[in-house]
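Here's the structure we're looking at; comments come further down.
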Amino acid sequence: MSIAAVILAAGAGTRWTGSGHKLLADFRGRPLVSWCIEAADAAGLDELIVVGGAVDLSGLMPAGATLLTNDDWASGQAGSVQVALAHSTRVGHDAVVLGLADTPMVPTSAWLAVADDPGDLVTATFDRERRPPVKVAKSLWPELPVSGDGGARSLLASRSSSVVEVACEGLAIDIDTLEDLEKWS
């Protein structure tokens with residue numbers, strides 16, 4: 001089974017009041033997005049895909065990773081998911097593991113635990129709360145939203161009884177604001 005790690009990194013970070021784009025903000029000595037990219041890359045899945053848009057991430061990509069661009073990034077997260085799924089369909093992946101670029105404390109072990117579970121719809125849990133990364137098998141891709149600001153959340157809700165939950169270490173903290181960055185740095 002071919003599984004891609006997908007990092008959704010296209011948004012503008014509208015709640016961010018710091019200078020520059022939040023994904024490039026210094027978090028513990030490195031750009032915020034670098035933490036997620038490195039954790040997903042270290043999982044060693046069949047492909048690492050980063051979907052960008054509002055900010056240039058090309059200088060942060062590891063060798064062998066695929067940087068895709070969501071030209072319509074302002075319309076919401078669903079468009080970025082669809083960009084990743086179109087690419088994944090073309091190259092023949094059987095599943096994707098979706099993660100968020102602004103969650104720097106989600107470790108490699110969470111990406112691996114979710115990817116390694118044989119279920120078709122698998123989510124990490126942190127302190128019993130469902131959070132990305134989320135594995136979605138190809139058979140479920142048509143059920144993911146095509147517009148708006150949702151990723152796998154609606155699929156997790158509509159198929160709640162068939163979701164496999166994997167307890168993971170780490171913290172699924174989103175860094176959305178300057179205050180979040182200061183609190184967790």
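We label chains A, B, ... in the order they appear in the structure tokens, count residues from 1 in each chain, and number ligands from 1 in the order shown.
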Which of range 19-73 of chain A DSSP labels helix (DSSP H, G or I), written as a list in words:
Lys22, Leu23, Leu24, Leu32, Val33, Ser34, Trp35, Cys36, Ile37, Glu38, Ala39, Ala40, Asp41, Ala42, Ser58, Gly59, Leu60 and Trp73 of chain A
Excluding Asp71 in chain A and residues on its chain fewer than 5 positions from it, collect all residues at most 9 Å away from it, counting only C-alpha atoms, and give them as a list in words.
Ala10, Gly52, Gly53, Ala54, Gly79 and Ser80 of chain A
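The space between CA of Val83 in chain A and CA of Glu169 in chain A spans 29.2 Å.
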List as a list of chain:residue names the protein and nucleic acid residues near Leu8 in chain A, meaning an atom at most 6 Å away when only C-alpha atoms are counted, but skip any in the same chain fewer than 2 places from it.
A:Val51, A:Leu100, A:Ala101
Let me make sure I understand: among A:Val122, A:Leu32, A:Val134, A:Ile175, which one has the smallest atom-to-atom distance to Ser161 in chain A if we use only C-alpha atoms?
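The closest residue to Ser161 in chain A is A:Val122.
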Neighbours of Ser154 in chain A within 12 Å (only C-alpha atoms; same-chain residues fewer than 2 positions away dropped), as a ChimeraX atom specification?
/A:78,134,140,143-152,156-160,163
For the residues in the current selection, export N, CA and C atoms as a short mmCIF file (atom, residue, chain, number, x, y, z; two decimals), in the first residue's frame.
data_model
loop_
_atom_site.label_atom_id
_atom_site.label_comp_id
_atom_site.auth_asym_id
_atom_site.auth_seq_id
_atom_site.Cartn_x
_atom_site.Cartn_y
_atom_site.Cartn_z
N ALA A 78 -10.22 22.92 2.18
CA ALA A 78 -10.70 21.83 1.31
C ALA A 78 -10.01 21.87 -0.05
N VAL A 134 -4.49 12.49 10.18
CA VAL A 134 -5.62 11.62 9.89
C VAL A 134 -5.33 10.87 8.59
N LEU A 140 -12.30 6.56 0.33
CA LEU A 140 -13.06 7.60 1.03
C LEU A 140 -12.80 9.00 0.48
N GLU A 143 -15.54 11.46 -0.42
CA GLU A 143 -16.36 11.99 0.67
C GLU A 143 -15.73 13.21 1.35
N LEU A 144 -14.51 13.55 0.98
CA LEU A 144 -13.86 14.73 1.55
C LEU A 144 -14.44 15.99 0.91
N PRO A 145 -14.52 17.09 1.64
CA PRO A 145 -15.11 18.31 1.08
C PRO A 145 -14.30 18.85 -0.09
N VAL A 146 -15.00 19.46 -1.05
CA VAL A 146 -14.34 20.06 -2.21
C VAL A 146 -14.26 21.57 -2.11
N SER A 147 -14.94 22.14 -1.14
CA SER A 147 -14.87 23.59 -0.94
C SER A 147 -15.03 23.90 0.54
N GLY A 148 -14.64 25.13 0.89
CA GLY A 148 -14.78 25.56 2.28
C GLY A 148 -13.50 25.34 3.08
N ASP A 149 -13.62 25.54 4.38
CA ASP A 149 -12.45 25.50 5.24
C ASP A 149 -12.38 24.23 6.08
N GLY A 150 -12.78 23.11 5.48
CA GLY A 150 -12.70 21.85 6.20
C GLY A 150 -11.79 20.87 5.49
N GLY A 151 -11.14 20.03 6.27
CA GLY A 151 -10.33 18.96 5.73
C GLY A 151 -11.04 17.64 6.01
N ALA A 152 -10.44 16.84 6.87
CA ALA A 152 -11.02 15.53 7.20
C ALA A 152 -12.05 15.61 8.32
N LEU A 156 -14.63 12.63 9.49
CA LEU A 156 -14.56 12.02 10.82
C LEU A 156 -15.92 12.07 11.52
N ALA A 157 -16.64 13.16 11.32
CA ALA A 157 -17.96 13.31 11.95
C ALA A 157 -19.00 12.40 11.30
N SER A 158 -19.01 12.34 9.97
CA SER A 158 -20.03 11.56 9.27
C SER A 158 -19.80 10.05 9.39
N ARG A 159 -18.57 9.65 9.64
CA ARG A 159 -18.24 8.23 9.77
C ARG A 159 -17.72 7.92 11.17
N SER A 160 -18.22 8.64 12.14
CA SER A 160 -17.68 8.57 13.50
C SER A 160 -17.57 7.16 14.04
N VAL A 163 -14.38 5.22 12.65
CA VAL A 163 -13.06 5.84 12.78
C VAL A 163 -12.21 5.04 13.76
#
Would you mind telling me which residue in A:Trp141, A:Trp73, A:Phe126, A:Trp111 lies nearest to Asp94 in chain A when using only C-alpha atoms?
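Of the candidates, the smallest distance to Asp94 in chain A is held by A:Trp141.
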I'd like the neighbourhood of Asp180 in chain A as a tab-separated table (two decimals) with C-alpha atoms, in the first residue's frame, where a residue qualifies if any of its atoms comes within 12 Å (using only C-alpha atoms), though same-chain residues fewer than 3 positions away should be ignored.
chain	number	residue	atom	x	y	z
A	15	ARG	CA	-5.39	35.25	13.18
A	16	TRP	CA	-1.63	35.87	13.16
A	17	THR	CA	-0.69	39.42	14.25
A	18	GLY	CA	3.07	38.94	14.30
A	22	LYS	CA	3.19	32.58	10.92
A	25	ALA	CA	7.93	32.65	12.42
A	27	PHE	CA	9.64	28.63	16.90
A	32	LEU	CA	7.36	27.01	12.66
A	102	ASP	CA	0.98	24.83	12.30
A	103	THR	CA	1.17	21.90	14.75
A	104	PRO	CA	4.88	21.78	15.56
A	173	ILE	CA	-1.36	22.46	19.63
A	174	ASP	CA	-2.14	24.82	16.74
A	175	ILE	CA	0.00	27.92	16.63
A	176	ASP	CA	-2.55	30.40	15.28
A	177	THR	CA	-1.68	33.60	17.10
A	183	LYS	CA	3.17	30.52	25.12
A	184	TRP	CA	4.72	27.42	23.53
A	185	SER	CA	8.16	28.69	22.47
Smallest atom-to-atom distance to Gly99 in chain A: which of A:Ala86, A:Leu24, A:Met1, A:Ala40, using only C-alpha atoms?
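Answer, going by the shortest atom-to-atom distance: A:Ala40.
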Selection: 12 Å around Pro118 in chain A, only C-alpha atoms, excl. self and same-chain fewer than 3 positions, as a list in words
Met1, Ile3, Asp94, Ala95, Leu112, Ala113, Val114, Ala115, Leu121, Val122, Thr123, Lys135, Val136, Ala137, Val163, Val164, Glu165 and Val166 of chain A
Write the residues of the preceding selection, restricted to C-alpha atoms, as a compact mmCIF listing (two decimals), in the first residue's frame.
# COMPACT_ATOMS: atom_id res chain seq x y z
CA MET A 1 0.00 0.00 0.00
CA ILE A 3 0.75 6.12 1.58
CA ASP A 94 -3.69 4.27 -1.83
CA ALA A 95 -4.06 6.58 1.17
CA LEU A 112 3.78 6.57 11.87
CA ALA A 113 1.09 5.28 14.24
CA VAL A 114 -1.70 6.65 12.06
CA ALA A 115 -0.10 5.49 8.79
CA LEU A 121 -10.06 6.19 8.37
CA VAL A 122 -7.61 6.60 11.21
CA THR A 123 -7.05 9.61 13.44
CA LYS A 135 -5.26 8.74 7.42
CA VAL A 136 -7.85 8.58 4.67
CA ALA A 137 -7.94 5.61 2.27
CA VAL A 163 -13.06 5.84 12.78
CA VAL A 164 -10.03 4.12 14.24
CA GLU A 165 -8.46 6.19 17.02
CA VAL A 166 -4.77 5.84 17.78
In Å, how far is it from CA of Glu47 in chain A to CA of Ala65 in chain A?
6.7 Å
Strand (DSSP E) positions in range 47-141 of chain A, given as a count of residues only:
31
With distances taken over only C-alpha atoms, which residue among A:Val96, A:Val91, A:Ala12, A:Ala42 lies nearest Asp56 in chain A?
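Checking each of A:Val96, A:Val91, A:Ala12, A:Ala42 against Asp56 in chain A, counting only C-alpha atoms, the winner is A:Ala12.
CA of Arg128 in chain A is found 19.1 Å from CA of Asp116 in chain A.
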Applying 9 Å and only C-alpha atoms, which residues near Val106 in chain A remain after dropping the ones on its own chain fewer than 6 positions away? List them as a compact mmCIF listing (two decimals) with N, CA and C atoms, in the first residue's frame.
# COMPACT_ATOMS: atom_id res chain seq x y z
N TRP A 35 9.07 22.24 11.78
CA TRP A 35 8.83 21.16 12.74
C TRP A 35 7.90 20.10 12.16
N CYS A 36 6.82 20.52 11.55
CA CYS A 36 5.86 19.58 10.96
C CYS A 36 6.47 18.87 9.76
N ALA A 39 8.96 16.26 11.01
CA ALA A 39 8.31 15.11 11.65
C ALA A 39 7.67 14.20 10.61
N PRO A 132 -5.44 15.89 13.88
CA PRO A 132 -4.53 15.40 12.85
C PRO A 132 -3.19 15.02 13.47
N PRO A 133 -2.52 14.06 12.82
CA PRO A 133 -2.76 13.56 11.47
C PRO A 133 -3.90 12.53 11.39
N CYS A 168 -1.72 8.92 20.72
CA CYS A 168 -0.38 9.36 20.33
C CYS A 168 0.25 10.23 21.40
N GLU A 169 1.58 10.21 21.40
CA GLU A 169 2.35 11.10 22.27
C GLU A 169 2.44 12.46 21.59
N GLY A 170 2.87 13.45 22.34
CA GLY A 170 3.04 14.79 21.79
C GLY A 170 1.85 15.67 22.10
N LEU A 171 1.85 16.84 21.49
CA LEU A 171 0.78 17.81 21.67
C LEU A 171 0.31 18.28 20.31
N ALA A 172 -0.99 18.30 20.13
CA ALA A 172 -1.57 18.75 18.86
C ALA A 172 -1.99 20.21 18.96
N ILE A 173 -1.09 21.03 19.44
CA ILE A 173 -1.36 22.46 19.63
C ILE A 173 -1.20 23.18 18.31
